[in-house]
Amino acid sequence: MDGEHVGLRELYSQTGVLAATLARKGVDRARPTLLAAPTSLDFIRCYLALLAVRSPVVLANPSATAAELEAQIAAATVSAAITGGEATDTLAGLTAGTSVAHWPIAGLDYSGGGTVPHAHLPRSADVAIHAFTSGTTGAPKLAPLRHGDVQASIRSAMAAWRWRPNDVVVHALPMYHQHGLGALHAAVLSGSSLHCLSRFDPERLVQEAQRRRASVIFAVPAMWERIVGTHTTIDAPGLRLAISGSAPLPAALFERINDVLGMPPLERYGTTESGLNVSNLYDGPRHPGGVGFPLPGVEVSIDGNTGELSVRGPQVFSGYAGRAPLGDGEWFATGDQAEVDPATGAVTITGRLKDIIITGGMNVHPREVEDVLAAHPAVDGVAVAGVPSTRWGEEVTAFVVSARGFTEEELRRWCRLRLSGFKVPKRFHAIEELPRNPMGKVLRSELSGRGGALRAHRTGGGPGEE
């Protein structure tokens, strides 16, 4: 971790001591604990220690605002908080005068003695993590994930990806998100090596991967875009897997990764609520745009009318907090739309149900338009969203990142050659950077609002007026 090292045996010992300390402080299965701290060995020790004492871990962004953290504390009925970085000052103000105990992560000692009694160790049915959904299309929902759910998810992926004890994983993902935690879970379960960077820098990540002779790299598409944007070739002789997830991987970026690394990336698909579900094959062909096949133990189903993907299996959660639970073996509707290649059975994610743009009564999938625009040489990044319109209901609107610049007409001509007329964006807006959540998913609702504001400014009317 940024040059600080600890062996697995030593980590287990430190975790046991810290777990005993937390147990003496009253932390147990009845007391969800908020963990909001930057990626560090201290974070890993605390996370594992909380799991050991069966306290559900509420993972939070250490840079979250006071209002966001306050909402998470209330939703998860948090009774204790462990913090680092910016979150320490934020939580000090939020917890003052309340019943929520607050401990800065740097003040927790793991150097003494003590172990957690066997009777206190977690069970498969215990809640391990209180995870909040990404909230890209609405308010985040609380998804309790049990120890059994989390283990089933990562073990299924490890089997499909031929995970080995001598694997070396390098990543710079935030540990408060399932993607970053997945590598930790795999390392702890298999004894493999994990090297994390506390912040993402493409050059540093590549150097670390080369220095450690990484066999696996975890990254999200936004990270891969910067990596291949700053390197024409990467010599990583030990690398066997370049994994991409948490957001769609554009076809053009897939090809660039293949060119730079000399191997195609392995894209996988999952959700907060159902863990890892679908993955490209380890030793089979991988095609741009496809996420592959169900992982071991996972079943998938696609609604014939809406195209919505549903999944079931031992990795699926039991239902959102405060809502009706899912029954055993019940399907979880992901909200994502998918298609299955009739020839191969491979799954392709085509978009989000809530992202569909209905313009003049016709449905437009933003990703289809984005893939076309991403292939234009002037486009460095693009997102498509629906902007309210009194004439069309919604206008297909493109937000384009371009270093060299572009004209609306050249992009419109490009689209007209490749898309039906109703799918061609009505507007093209230059934008310096696409708004994303911490895992690289584009915040379309923010773009829709921005497009409405630009329209109002241009016309002098309301956001939906022509």
# chains A, B, ... in the order shown; residues from 1 in each chain; ligands from 1
call {"tool": "residues_around", "arguments": {"residues": "A:Leu419", "least_positions_apart": "6", "cutoff": "9 Å", "atoms": "only C-alpha atoms", "output": "list in words"}}
result
Glu368, Val369 and Val372 of chain A
call {"tool": "residues_around", "arguments": {"residues": "A:Ala186", "least_positions_apart": "3", "cutoff": "10 Å", "atoms": "only C-alpha atoms", "output": "ChimeraX atom specification"}}
result
/A:151,154-155,157-158,163-165,167,169,181-183,189-194
call {"tool": "write_last_selection", "arguments": {"atoms": "N, CA, C and O atoms", "output": "CSV table (one decimal), in the first residue's frame"}}
result
chain,number,residue,atom,x,y,z
A,151,GLN,N,-19.0,-13.8,-0.3
A,151,GLN,CA,-18.1,-14.9,-0.6
A,151,GLN,C,-18.5,-15.6,-1.8
A,151,GLN,O,-17.7,-16.0,-2.7
A,154,ILE,N,-17.3,-13.5,-5.0
A,154,ILE,CA,-15.9,-13.4,-5.3
A,154,ILE,C,-15.3,-14.8,-5.6
A,154,ILE,O,-14.5,-15.0,-6.5
A,155,ARG,N,-15.8,-15.8,-4.9
A,155,ARG,CA,-15.4,-17.2,-5.2
A,155,ARG,C,-15.8,-17.6,-6.6
A,155,ARG,O,-15.0,-18.4,-7.3
A,157,ALA,N,-16.1,-15.7,-9.2
A,157,ALA,CA,-15.2,-15.0,-10.2
A,157,ALA,C,-13.8,-15.6,-10.1
A,157,ALA,O,-13.2,-15.8,-11.2
A,158,MET,N,-13.3,-15.9,-8.9
A,158,MET,CA,-12.0,-16.5,-8.8
A,158,MET,C,-11.9,-17.9,-9.6
A,158,MET,O,-10.9,-18.2,-10.2
A,163,TRP,N,-8.0,-18.1,-10.6
A,163,TRP,CA,-7.3,-17.4,-9.5
A,163,TRP,C,-6.3,-18.3,-8.9
A,163,TRP,O,-6.6,-19.5,-8.6
A,164,ARG,N,-5.0,-17.8,-8.6
A,164,ARG,CA,-4.0,-18.6,-8.1
A,164,ARG,C,-3.4,-17.9,-6.9
A,164,ARG,O,-3.3,-16.7,-6.8
A,165,PRO,N,-2.8,-18.7,-5.9
A,165,PRO,CA,-2.2,-18.1,-4.7
A,165,PRO,C,-1.0,-17.2,-5.1
A,165,PRO,O,-0.7,-16.3,-4.3
A,167,ASP,N,-0.9,-15.1,-7.6
A,167,ASP,CA,-1.3,-14.0,-8.4
A,167,ASP,C,-0.9,-12.7,-7.7
A,167,ASP,O,-0.8,-12.6,-6.4
A,169,VAL,N,-2.0,-8.7,-7.7
A,169,VAL,CA,-3.0,-7.7,-8.2
A,169,VAL,C,-2.5,-6.3,-7.9
A,169,VAL,O,-2.1,-6.0,-6.8
A,181,LEU,N,-12.8,-3.6,-3.2
A,181,LEU,CA,-12.9,-4.6,-2.2
A,181,LEU,C,-12.7,-6.0,-2.8
A,181,LEU,O,-12.2,-6.9,-2.1
A,182,GLY,N,-13.2,-6.3,-4.0
A,182,GLY,CA,-13.1,-7.6,-4.6
A,182,GLY,C,-11.7,-8.1,-4.6
A,182,GLY,O,-11.5,-9.3,-4.3
A,183,ALA,N,-10.8,-7.3,-5.0
A,183,ALA,CA,-9.4,-7.7,-5.0
A,183,ALA,C,-8.9,-8.1,-3.6
A,183,ALA,O,-8.1,-9.1,-3.4
A,189,LEU,N,-8.7,-14.6,0.7
A,189,LEU,CA,-9.2,-16.0,0.5
A,189,LEU,C,-8.2,-16.9,-0.1
A,189,LEU,O,-8.2,-18.1,0.2
A,190,SER,N,-7.3,-16.4,-0.9
A,190,SER,CA,-6.4,-17.2,-1.7
A,190,SER,C,-4.9,-17.1,-1.2
A,190,SER,O,-4.1,-18.0,-1.5
A,191,GLY,N,-4.6,-16.1,-0.5
A,191,GLY,CA,-3.2,-15.8,-0.1
A,191,GLY,C,-2.4,-15.1,-1.2
A,191,GLY,O,-1.2,-15.1,-1.1
A,192,SER,N,-3.1,-14.6,-2.2
A,192,SER,CA,-2.4,-13.9,-3.3
A,192,SER,C,-2.0,-12.5,-2.8
A,192,SER,O,-2.4,-12.1,-1.7
A,193,SER,N,-1.2,-11.8,-3.6
A,193,SER,CA,-0.6,-10.5,-3.2
A,193,SER,C,-1.5,-9.4,-3.8
A,193,SER,O,-2.0,-9.5,-4.9
A,194,LEU,N,-1.7,-8.3,-3.0
A,194,LEU,CA,-2.4,-7.2,-3.4
A,194,LEU,C,-1.6,-5.9,-3.2
A,194,LEU,O,-1.1,-5.7,-2.1
call {"tool": "residues_around", "arguments": {"residues": "stretch 228-235 of chain A", "least_positions_apart": "5", "cutoff": "10 Å", "atoms": "only C-alpha atoms", "output": "ChimeraX atom specification"}}
result
/A:202-203,206-207,209-210,223,253,256-262,380
call {"tool": "residues_around", "arguments": {"residues": "A:Gly345", "least_positions_apart": "3", "cutoff": "9 Å", "atoms": "only C-alpha atoms", "output": "VMD selection string"}}
result
chain A and resid 292 to 293 340 to 342
call {"tool": "atom_distance", "arguments": {"atom1": "atom CA of A:Asp28", "atom2": "atom CA of A:Ala143"}}
result
19.3 Å
call {"tool": "residues_around", "arguments": {"residues": "A:Val150", "least_positions_apart": "6", "cutoff": "9 Å", "atoms": "only C-alpha atoms", "output": "PyMOL selection string"}}
result
chain A and resi 128-129+182+185+274-275+315-317
call {"tool": "write_last_selection", "arguments": {"atoms": "C-alpha atoms", "output": "short mmCIF file (atom, residue, chain, number, x, y, z; two decimals), in the first residue's frame"}}
result
data_model
loop_
_atom_site.label_atom_id
_atom_site.label_comp_id
_atom_site.auth_asym_id
_atom_site.auth_seq_id
_atom_site.Cartn_x
_atom_site.Cartn_y
_atom_site.Cartn_z
CA ALA A 128 -21.26 -8.06 6.27
CA ILE A 129 -21.70 -4.77 4.41
CA GLY A 182 -13.14 -7.60 -4.57
CA HIS A 185 -11.44 -10.48 -0.74
CA SER A 274 -26.09 -9.03 -6.79
CA GLY A 275 -22.31 -9.03 -6.83
CA GLN A 315 -24.54 -14.07 -4.53
CA VAL A 316 -27.80 -12.09 -4.69
CA PHE A 317 -28.73 -9.97 -1.67
#
call {"tool": "select_by_dssp", "arguments": {"residues": "stretch 258-427 of chain A", "states": "alpha helix (DSSP H)", "output": "ChimeraX atom specification"}}
result
/A:258-261,366-374,408-416
call {"tool": "atom_distance", "arguments": {"atom1": "atom CA of A:Ala66", "atom2": "atom CA of A:Ala106"}}
result
20.6 Å
call {"tool": "atom_distance", "arguments": {"atom1": "atom CA of A:Ala453", "atom2": "atom CA of A:Glu432"}}
result
16.8 Å
call {"tool": "closest_residue", "arguments": {"among": "A:Leu142, A:Ala172, A:Val57, A:Ala92", "to": "A:Ala74", "atoms": "only C-alpha atoms"}}
result
A:Leu142
call {"tool": "residues_around", "arguments": {"residues": "A:Tyr47", "least_positions_apart": "4", "cutoff": "9 Å", "atoms": "only C-alpha atoms", "output": "PyMOL selection string"}}
result
chain A and resi 15+35+42-43+51-52+57
call {"tool": "closest_residue", "arguments": {"among": "A:His179, A:Arg29, A:His5, A:Arg213", "to": "A:Tyr269", "atoms": "only C-alpha atoms"}}
result
A:His179
call {"tool": "residues_around", "arguments": {"residues": "stretch 304-311 of chain A", "least_positions_apart": "2", "cutoff": "6 Å", "atoms": "only C-alpha atoms", "output": "PyMOL selection string"}}
result
chain A and resi 299-302+331-334+336-338
call {"tool": "select_by_dssp", "arguments": {"residues": "stretch 177-240 of chain A", "states": "strand (DSSP E or B)", "output": "PyMOL selection string"}}
result
chain A and resi 193-196+216-219
